[in-house]
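Here the structure is laid out as structure tokens; the discussion comes afterwards.
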Amino acid sequence: MHSSNLHAPTPASLAASVEVTRRENRLLHAGILLTLALACAGCLAIDLVDPDLWGHIRYAEDWLATGELPRTASHTFSAPDHPWINHEILAELAIAKGYRHLGINGLLAAKCLLGMAIVGLMVSVARRQGVSLLLTWALMLLVCANLHPFFVLRPQLMSFGLFGLVLWLLERGFRNWQISRSIDWKFLWSLPIVFALWANTHGAFVLGLAVVGALLGGRIVEKIVEQQASLRECLLLALTVCGCIAATLLNPYGIGLHHWLIQSLSRPRPEITEWLSPSTENVVFWPWVALLVVAVLSILMAQRRRDWVKFGILMLVAWQSALHMRHIAFLALLCGFWLPEYVNSAVTRLRLERLSSLASSRYTTIARRAAIVTLLAVACLLSFRIDRQFHGLPVSRNTYPLDAVQFMADRGLQGRLVVSFNWAQYSVAALAPDVQVAFDGRFRTCYPQDVIDMNFDFLLGEFGGRRYRCDDSGPLDATRVLRHGTPDLVLLDRRYAHAVSVMQEQKSCWSLLYRDRVAEIWGRRERYDMPTSSSYMPLALRVQDPRPRDGAVLWPALPTREVPGQLAAGAAIQEHLGS
């Protein structure tokens, strides 16, 4: 017997080796899926603070404290009697209640779970269409990368969740459309219930109505063109759209909400970053470009029958995302539900799945096991990162006026405050009711356009000719906001160079009380420079601190202070925000 035959593998050892390889390949595949899923969760667990979060909780707490929904603007001296159309009622209540019972850490975890629930609906649709899990989760990561900058604690989260639910109901209702043109009506008839909730949660229900109307209208056209239309089906589809529209009238303002939305959305908002076109300076720009490329190539190269109604809607929303970057999130949600089958078809056409299987079959045992260990390490790192994002919401001292507001609390400064746009709702949460602001992030929901214009005249000036101003505001006047309503104080973000220069020119009327690298506080001279005034502040109590404002304080980052005398009012709400 030759010596080489002594070491020949037996059939049993070959079978065992093959089984080990299969197990390791399954483990490798599971590791890739787990890593992709954790990467998606990491995108949705973003712990960036939204400048309006303080206001959303404060307004909900005001409502809960009084038991009555405010009908006019609150916490402001520039438009106290102006109607307030609050289109975020249920969202603000949900955030406030969540903060009461779960704390900020619980809210952050709930936010991530909401995002993963939306992704779960997308994955369920893709799996019913026969798309592989690996390809599905790879696309989900691209979708989540586009959602990432917008997935902070804010009422828009509710719109993302409800829009995802609407898209899932549409997919279930028309799941056999390409095969038999049949409709599962029970899912479509659930849509009005969703819109009744959405109309009381966030104004983006308008986009949802547009998508539903376009999709159901397109289905009617398809039926007519293909001569398969029945009058009954066409009427039921039209009635479904009408039912969704009618359901949105079930809100505290009735049709007044729709009238306000038409007026507000018909006017541009060039001063608000999210309403600008995406540019290379935005973190979402390249993920957005990648999503557009994937969408166009997959639809063009797919071998399956194309749904031109969906394709048309995608084009319209993509166009809107090119005009206003806030629509990128809704484009991502549409792609998450509608693209997987086209991506799968395009991949099949290009035979890329064969390359994947070929590569996996040629893995050596060492390479395969090294890949498994690497994926395990990456999954652990992602898990630790996500867990860290659930432990508090950092408020940067270099972005928000934490030290300046602490100075105001320490000195008992109160009255009418002109404050930079992104700091107004933090100021309300920290200083109300001793301070009222001129303007805040509620924007057109409770401020007339002339008040908006005078505040941006001060902060931005002409803004390179990109401003939108109404005719009633008159010529641009950077100092009008310093006269309107006779404000007492100005809390200034030093990044607004135009406003800084305006205040330097107003030294005859305004006196500098505080300055650091982030903020300035100015007080009216007749109140703070006159020794005979009860608010007189000697130079020894004023602050000029050139040190960098490094580090962060965990949300809500409100000033620490005793609550005697004049600061006692509003302490209950302050306790809820600061607990």
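In the structure tokens, the first chain shown is A, the next is B, and so on; residue numbers restart at 1 for each chain, and ligands run from 1 in the order shown.
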
A:Ser182 environment, 10 Å, only C-alpha atoms, sequence neighbours closer than 5 positions dropped, as number ranges by chain
A: 173-177, 233

Show me, as a list in words, the residues that have an atom within 12 Å of A:Pro548 when counting only C-alpha atoms, minus same-chain residues fewer than 5 positions from it.
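Counting only C-alpha atoms, the residues come to Ser396, Arg397, Asn398, Thr399, Asp403, Arg515, Asp516, Arg517, Val518 and Ala519 of chain A.
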
Nearby residues (only C-alpha atoms) at most 6 Å from A:Ala73, same-chain spacing under 4 positions excluded, as a PDB file with C-alpha atoms, in the first residue's frame:
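Printed below is part_23.pdb as written:
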```pdb
ATOM      1  CA  PRO A  80     -49.099  87.798  21.861  1.00  0.00           C
ATOM      2  CA  HIS A  82     -51.679  86.291  16.978  1.00  0.00           C
ATOM      3  CA  TRP A  84     -51.361  79.880  16.954  1.00  0.00           C
ATOM      4  CA  CYS A 446     -47.826  81.769  15.511  1.00  0.00           C
TER       5      CYS A 446
END
```

If you count only C-alpha atoms, which residues fall within 10 Å of A:Trp288, apart from same-chain ones fewer than 4 positions away, as a JSON list (two decimals) with C-alpha atoms, in the first residue's frame?
```
[["chain", "number", "residue", "atom", "x", "y", "z"],
["A", 142, "LEU", "CA", -28.37, 53.37, 2.45],
["A", 143, "VAL", "CA", -31.92, 54.38, 3.39],
["A", 145, "ALA", "CA", -27.86, 56.91, 6.05],
["A", 146, "ASN", "CA", -30.28, 59.32, 4.35],
["A", 147, "LEU", "CA", -32.60, 59.36, 7.37],
["A", 278, "PRO", "CA", -28.77, 70.13, -0.59],
["A", 283, "VAL", "CA", -23.76, 65.75, 5.67],
["A", 284, "VAL", "CA", -26.67, 64.18, 3.79],
["A", 292, "LEU", "CA", -30.57, 58.67, -6.42],
["A", 293, "VAL", "CA", -27.98, 56.74, -8.42],
["A", 294, "VAL", "CA", -29.15, 53.39, -6.99],
["A", 318, "ALA", "CA", -36.78, 63.41, -5.77],
["A", 321, "SER", "CA", -35.66, 66.78, -2.32],
["A", 322, "ALA", "CA", -33.42, 68.65, -4.76],
["A", 325, "MET", "CA", -33.31, 68.93, 1.69],
["A", 328, "ILE", "CA", -34.71, 63.73, 1.44],
["A", 329, "ALA", "CA", -36.04, 61.75, 4.41],
["A", 331, "LEU", "CA", -37.57, 60.14, -0.56],
["A", 332, "ALA", "CA", -35.55, 57.64, 1.49]]
```

Per DSSP on the backbone, what are the helix (DSSP H, G or I) residues of stretch 85-210 of chain A, as a ChimeraX atom specification?
/A:89-128,133-150,156-173,177-180,185-188,191-198,205-210

Residues of stretch 293-410 of chain A at most 10 Å from stretch 32-56 of chain A: nearest atom pair and distance in Å, only C-alpha atoms, as JSON lines:
```
{"residue": "A:Ala371", "atom": "CA", "partner": "A:Ile32", "partner_atom": "CA", "distance": 9.5}
{"residue": "A:Ile372", "atom": "CA", "partner": "A:Ile32", "partner_atom": "CA", "distance": 8.6}
{"residue": "A:Leu375", "atom": "CA", "partner": "A:Thr35", "partner_atom": "CA", "distance": 6.8}
{"residue": "A:Leu376", "atom": "CA", "partner": "A:Thr35", "partner_atom": "CA", "distance": 8.1}
{"residue": "A:Ala377", "atom": "CA", "partner": "A:Thr35", "partner_atom": "CA", "distance": 9.6}
{"residue": "A:Val378", "atom": "CA", "partner": "A:Thr35", "partner_atom": "CA", "distance": 7.0}
{"residue": "A:Ala379", "atom": "CA", "partner": "A:Thr35", "partner_atom": "CA", "distance": 5.3}
{"residue": "A:Cys380", "atom": "CA", "partner": "A:Thr35", "partner_atom": "CA", "distance": 9.0}
{"residue": "A:Leu381", "atom": "CA", "partner": "A:Leu38", "partner_atom": "CA", "distance": 9.7}
{"residue": "A:Leu382", "atom": "CA", "partner": "A:Leu38", "partner_atom": "CA", "distance": 6.3}
{"residue": "A:Ser383", "atom": "CA", "partner": "A:Leu38", "partner_atom": "CA", "distance": 6.9}
{"residue": "A:Phe384", "atom": "CA", "partner": "A:Gly42", "partner_atom": "CA", "distance": 10.0}
{"residue": "A:Arg385", "atom": "CA", "partner": "A:Gly42", "partner_atom": "CA", "distance": 7.4}
{"residue": "A:Ile386", "atom": "CA", "partner": "A:Gly42", "partner_atom": "CA", "distance": 5.6}
{"residue": "A:Asp387", "atom": "CA", "partner": "A:Ala45", "partner_atom": "CA", "distance": 9.0}
{"residue": "A:Arg388", "atom": "CA", "partner": "A:Asp47", "partner_atom": "CA", "distance": 9.3}
{"residue": "A:Gln389", "atom": "CA", "partner": "A:Asp47", "partner_atom": "CA", "distance": 5.7}
{"residue": "A:Phe390", "atom": "CA", "partner": "A:Ala45", "partner_atom": "CA", "distance": 7.5}
{"residue": "A:His391", "atom": "CA", "partner": "A:Asp47", "partner_atom": "CA", "distance": 9.1}
{"residue": "A:Gly392", "atom": "CA", "partner": "A:Asp47", "partner_atom": "CA", "distance": 7.9}
{"residue": "A:Leu393", "atom": "CA", "partner": "A:Asp47", "partner_atom": "CA", "distance": 5.7}
{"residue": "A:Pro394", "atom": "CA", "partner": "A:Val49", "partner_atom": "CA", "distance": 7.0}
{"residue": "A:Val395", "atom": "CA", "partner": "A:Val49", "partner_atom": "CA", "distance": 6.6}
{"residue": "A:Ser396", "atom": "CA", "partner": "A:Val49", "partner_atom": "CA", "distance": 9.0}
{"residue": "A:Tyr400", "atom": "CA", "partner": "A:Pro51", "partner_atom": "CA", "distance": 8.8}
```

Can you pull out the residues contacting A:Gln178? Cut-off 12 Å, using only C-alpha atoms, and skip same-chain residues under 4 positions away; I want them as a PyMOL selection string.
chain A and resi 129+171+173-174+182-183+219+222-223+304-309

Given the selection you just returned, output its residues as a file containing C-alpha atoms, formatted as an mmCIF file, in the first residue's frame.
```cif
data_model
loop_
_atom_site.group_PDB
_atom_site.id
_atom_site.type_symbol
_atom_site.label_atom_id
_atom_site.label_comp_id
_atom_site.auth_asym_id
_atom_site.auth_seq_id
_atom_site.Cartn_x
_atom_site.Cartn_y
_atom_site.Cartn_z
ATOM 1 C CA GLN A 129 -41.265 40.137 -2.982
ATOM 2 C CA GLU A 171 -48.089 47.908 -0.425
ATOM 3 C CA GLY A 173 -53.434 46.781 -0.519
ATOM 4 C CA PHE A 174 -51.798 46.503 -3.960
ATOM 5 C CA SER A 182 -56.614 43.068 -7.688
ATOM 6 C CA ILE A 183 -56.972 45.208 -4.541
ATOM 7 C CA ARG A 219 -54.301 53.090 -10.403
ATOM 8 C CA GLU A 222 -54.148 52.275 -15.343
ATOM 9 C CA LYS A 223 -57.493 50.501 -15.086
ATOM 10 C CA ARG A 304 -39.285 42.984 -13.991
ATOM 11 C CA ARG A 305 -42.337 44.946 -15.078
ATOM 12 C CA ARG A 306 -42.020 48.575 -13.986
ATOM 13 C CA ASP A 307 -44.661 50.354 -11.949
ATOM 14 C CA TRP A 308 -44.742 53.695 -13.738
ATOM 15 C CA VAL A 309 -47.094 55.241 -11.209
#
```

Atom CA of A:Val490 and atom CA of A:Leu417 are how many Å apart?
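These two atoms are separated by 5.5 Å.
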
Residues of stretch 361-454 of chain A in strand (DSSP E), written as a PyMOL selection string:
chain A and resi 394-396+415-419+435-437

Measuring between only C-alpha atoms, which one of A:Gly67, A:Pro252, A:Leu169, A:Leu297 shows the shortest distance to A:Asn344?
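Of all the options, A:Leu297 lies closest to A:Asn344.
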
A:Trp198: which residues within 9 Å, counting only C-alpha atoms, same-chain residues fewer than 2 positions away excluded, as number ranges by chain?
A: 90, 158-159, 162-163, 193-196, 200-205, 248

Just-selected residues, N, CA and C atoms written as a PDB file, in the first residue's frame:
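The result, stored in result.pdb:
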```pdb
ATOM      1  N   LEU A  90     -50.222  66.364  19.043  1.00  0.00           N
ATOM      2  CA  LEU A  90     -50.037  65.021  19.611  1.00  0.00           C
ATOM      3  C   LEU A  90     -48.563  64.650  19.701  1.00  0.00           C
ATOM      4  N   MET A 158     -42.731  61.515  14.095  1.00  0.00           N
ATOM      5  CA  MET A 158     -44.067  60.947  13.990  1.00  0.00           C
ATOM      6  C   MET A 158     -44.512  60.896  12.532  1.00  0.00           C
ATOM      7  N   SER A 159     -44.130  61.906  11.762  1.00  0.00           N
ATOM      8  CA  SER A 159     -44.452  61.893  10.336  1.00  0.00           C
ATOM      9  C   SER A 159     -43.729  60.759   9.622  1.00  0.00           C
ATOM     10  N   LEU A 162     -45.625  57.541  10.576  1.00  0.00           N
ATOM     11  CA  LEU A 162     -46.954  57.437   9.956  1.00  0.00           C
ATOM     12  C   LEU A 162     -46.855  57.334   8.443  1.00  0.00           C
ATOM     13  N   PHE A 163     -45.880  57.997   7.847  1.00  0.00           N
ATOM     14  CA  PHE A 163     -45.673  57.852   6.403  1.00  0.00           C
ATOM     15  C   PHE A 163     -45.258  56.422   6.069  1.00  0.00           C
ATOM     16  N   ILE A 193     -57.991  56.437   8.926  1.00  0.00           N
ATOM     17  CA  ILE A 193     -57.698  56.438  10.366  1.00  0.00           C
ATOM     18  C   ILE A 193     -56.300  56.982  10.613  1.00  0.00           C
ATOM     19  N   VAL A 194     -55.361  56.552   9.780  1.00  0.00           N
ATOM     20  CA  VAL A 194     -53.977  57.023   9.922  1.00  0.00           C
ATOM     21  C   VAL A 194     -53.902  58.528   9.691  1.00  0.00           C
ATOM     22  N   PHE A 195     -54.613  59.030   8.684  1.00  0.00           N
ATOM     23  CA  PHE A 195     -54.552  60.456   8.384  1.00  0.00           C
ATOM     24  C   PHE A 195     -55.245  61.302   9.448  1.00  0.00           C
ATOM     25  N   ALA A 196     -56.272  60.774  10.084  1.00  0.00           N
ATOM     26  CA  ALA A 196     -56.896  61.508  11.196  1.00  0.00           C
ATOM     27  C   ALA A 196     -55.895  61.708  12.329  1.00  0.00           C
ATOM     28  N   ASN A 200     -53.152  65.597  13.329  1.00  0.00           N
ATOM     29  CA  ASN A 200     -53.006  66.177  14.661  1.00  0.00           C
ATOM     30  C   ASN A 200     -51.595  66.000  15.215  1.00  0.00           C
ATOM     31  N   THR A 201     -50.708  65.496  14.367  1.00  0.00           N
ATOM     32  CA  THR A 201     -49.361  65.158  14.817  1.00  0.00           C
ATOM     33  C   THR A 201     -48.298  66.030  14.178  1.00  0.00           C
ATOM     34  N   HIS A 202     -48.415  66.240  12.851  1.00  0.00           N
ATOM     35  CA  HIS A 202     -47.399  67.038  12.147  1.00  0.00           C
ATOM     36  C   HIS A 202     -47.920  67.398  10.761  1.00  0.00           C
ATOM     37  N   GLY A 203     -47.538  68.580  10.298  1.00  0.00           N
ATOM     38  CA  GLY A 203     -48.067  69.092   9.037  1.00  0.00           C
ATOM     39  C   GLY A 203     -47.627  68.353   7.796  1.00  0.00           C
ATOM     40  N   ALA A 204     -46.683  67.434   7.900  1.00  0.00           N
ATOM     41  CA  ALA A 204     -46.239  66.693   6.723  1.00  0.00           C
ATOM     42  C   ALA A 204     -47.293  65.719   6.209  1.00  0.00           C
ATOM     43  N   PHE A 205     -48.466  65.665   6.872  1.00  0.00           N
ATOM     44  CA  PHE A 205     -49.540  64.813   6.346  1.00  0.00           C
ATOM     45  C   PHE A 205     -49.933  65.261   4.941  1.00  0.00           C
ATOM     46  N   THR A 248     -58.514  64.406   7.709  1.00  0.00           N
ATOM     47  CA  THR A 248     -57.593  65.434   8.205  1.00  0.00           C
ATOM     48  C   THR A 248     -58.326  66.663   8.740  1.00  0.00           C
TER      49      THR A 248
END
```

Which of these, A:Asp529, A:Ala138, A:Tyr426, A:Tyr514, has the shortest distance to A:Ala557 once you count only C-alpha atoms?
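Closest to A:Ala557, using only C-alpha atoms: A:Tyr426.
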
Shell around stretch 540-544 of chain A at 10 Å using only C-alpha atoms, local window under 2 positions removed, as a VMD selection string
chain A and resid 404 407 411 512 to 517 520 to 521 537 to 538 546 to 547

Once you have the residues from the selection above, write them out as a PDB file, in the first residue's frame, restricted to N, CA and C atoms.
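Once written, again_28.pdb looks like this:
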```pdb
ATOM      1  N   ALA A 404     -24.101  81.977  29.018  1.00  0.00           N
ATOM      2  CA  ALA A 404     -24.800  83.262  28.974  1.00  0.00           C
ATOM      3  C   ALA A 404     -26.137  83.191  29.708  1.00  0.00           C
ATOM      4  N   PHE A 407     -25.612  83.183  33.349  1.00  0.00           N
ATOM      5  CA  PHE A 407     -25.380  84.559  33.786  1.00  0.00           C
ATOM      6  C   PHE A 407     -26.705  85.287  33.988  1.00  0.00           C
ATOM      7  N   ARG A 411     -28.030  86.720  37.611  1.00  0.00           N
ATOM      8  CA  ARG A 411     -28.252  88.155  37.800  1.00  0.00           C
ATOM      9  C   ARG A 411     -29.737  88.507  37.883  1.00  0.00           C
ATOM     10  N   LEU A 512     -23.339  96.577  26.672  1.00  0.00           N
ATOM     11  CA  LEU A 512     -22.911  95.180  26.731  1.00  0.00           C
ATOM     12  C   LEU A 512     -22.826  94.716  28.182  1.00  0.00           C
ATOM     13  N   LEU A 513     -23.569  93.666  28.505  1.00  0.00           N
ATOM     14  CA  LEU A 513     -23.586  93.113  29.861  1.00  0.00           C
ATOM     15  C   LEU A 513     -22.741  91.848  29.986  1.00  0.00           C
ATOM     16  N   TYR A 514     -22.625  91.122  28.895  1.00  0.00           N
ATOM     17  CA  TYR A 514     -21.945  89.820  28.944  1.00  0.00           C
ATOM     18  C   TYR A 514     -21.406  89.503  27.551  1.00  0.00           C
ATOM     19  N   ARG A 515     -20.215  88.888  27.511  1.00  0.00           N
ATOM     20  CA  ARG A 515     -19.680  88.415  26.230  1.00  0.00           C
ATOM     21  C   ARG A 515     -18.758  87.235  26.496  1.00  0.00           C
ATOM     22  N   ASP A 516     -18.943  86.171  25.716  1.00  0.00           N
ATOM     23  CA  ASP A 516     -17.965  85.090  25.650  1.00  0.00           C
ATOM     24  C   ASP A 516     -17.772  84.748  24.178  1.00  0.00           C
ATOM     25  N   ARG A 517     -17.135  83.632  23.898  1.00  0.00           N
ATOM     26  CA  ARG A 517     -16.863  83.304  22.491  1.00  0.00           C
ATOM     27  C   ARG A 517     -18.099  82.857  21.735  1.00  0.00           C
ATOM     28  N   GLU A 520     -23.395  87.026  23.248  1.00  0.00           N
ATOM     29  CA  GLU A 520     -23.355  88.349  23.861  1.00  0.00           C
ATOM     30  C   GLU A 520     -24.729  88.655  24.439  1.00  0.00           C
ATOM     31  N   ILE A 521     -24.738  89.383  25.570  1.00  0.00           N
ATOM     32  CA  ILE A 521     -25.991  89.874  26.141  1.00  0.00           C
ATOM     33  C   ILE A 521     -25.913  91.391  26.220  1.00  0.00           C
ATOM     34  N   MET A 537     -26.791  97.595  36.653  1.00  0.00           N
ATOM     35  CA  MET A 537     -25.769  96.565  36.806  1.00  0.00           C
ATOM     36  C   MET A 537     -24.395  97.213  36.739  1.00  0.00           C
ATOM     37  N   PRO A 538     -23.698  97.310  37.868  1.00  0.00           N
ATOM     38  CA  PRO A 538     -22.361  97.906  37.857  1.00  0.00           C
ATOM     39  C   PRO A 538     -21.388  97.072  37.031  1.00  0.00           C
ATOM     40  N   PRO A 546     -13.139  85.538  27.422  1.00  0.00           N
ATOM     41  CA  PRO A 546     -12.686  85.096  26.090  1.00  0.00           C
ATOM     42  C   PRO A 546     -12.329  83.617  25.999  1.00  0.00           C
ATOM     43  N   ARG A 547     -12.485  82.858  27.074  1.00  0.00           N
ATOM     44  CA  ARG A 547     -12.080  81.448  27.054  1.00  0.00           C
ATOM     45  C   ARG A 547     -12.963  80.622  26.118  1.00  0.00           C
TER      46      ARG A 547
END
```

Could you work out how far atom CA of A:His75 lies from atom CA of A:Val435, giving the answer in Å with one decimal?
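These atoms are spaced 7.7 Å apart.
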
To one decimal in Å, tell me the separation between atom CA of A:Val221 and atom CA of A:Leu209.
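One can read the atom CA of A:Val221 to atom CA of A:Leu209 distance as 17.9 Å.
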
My list of candidates is A:Lys97, A:Arg58, A:Arg326, A:His87. Which is closest to A:Leu257 when distances are computed with only C-alpha atoms?
A:His87

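Among the candidate residues A:Ile245, A:His258, A:Arg269, A:Leu207, the one lying nearest to A:Phe330 is A:Leu207, with distances computed using only C-alpha atoms.
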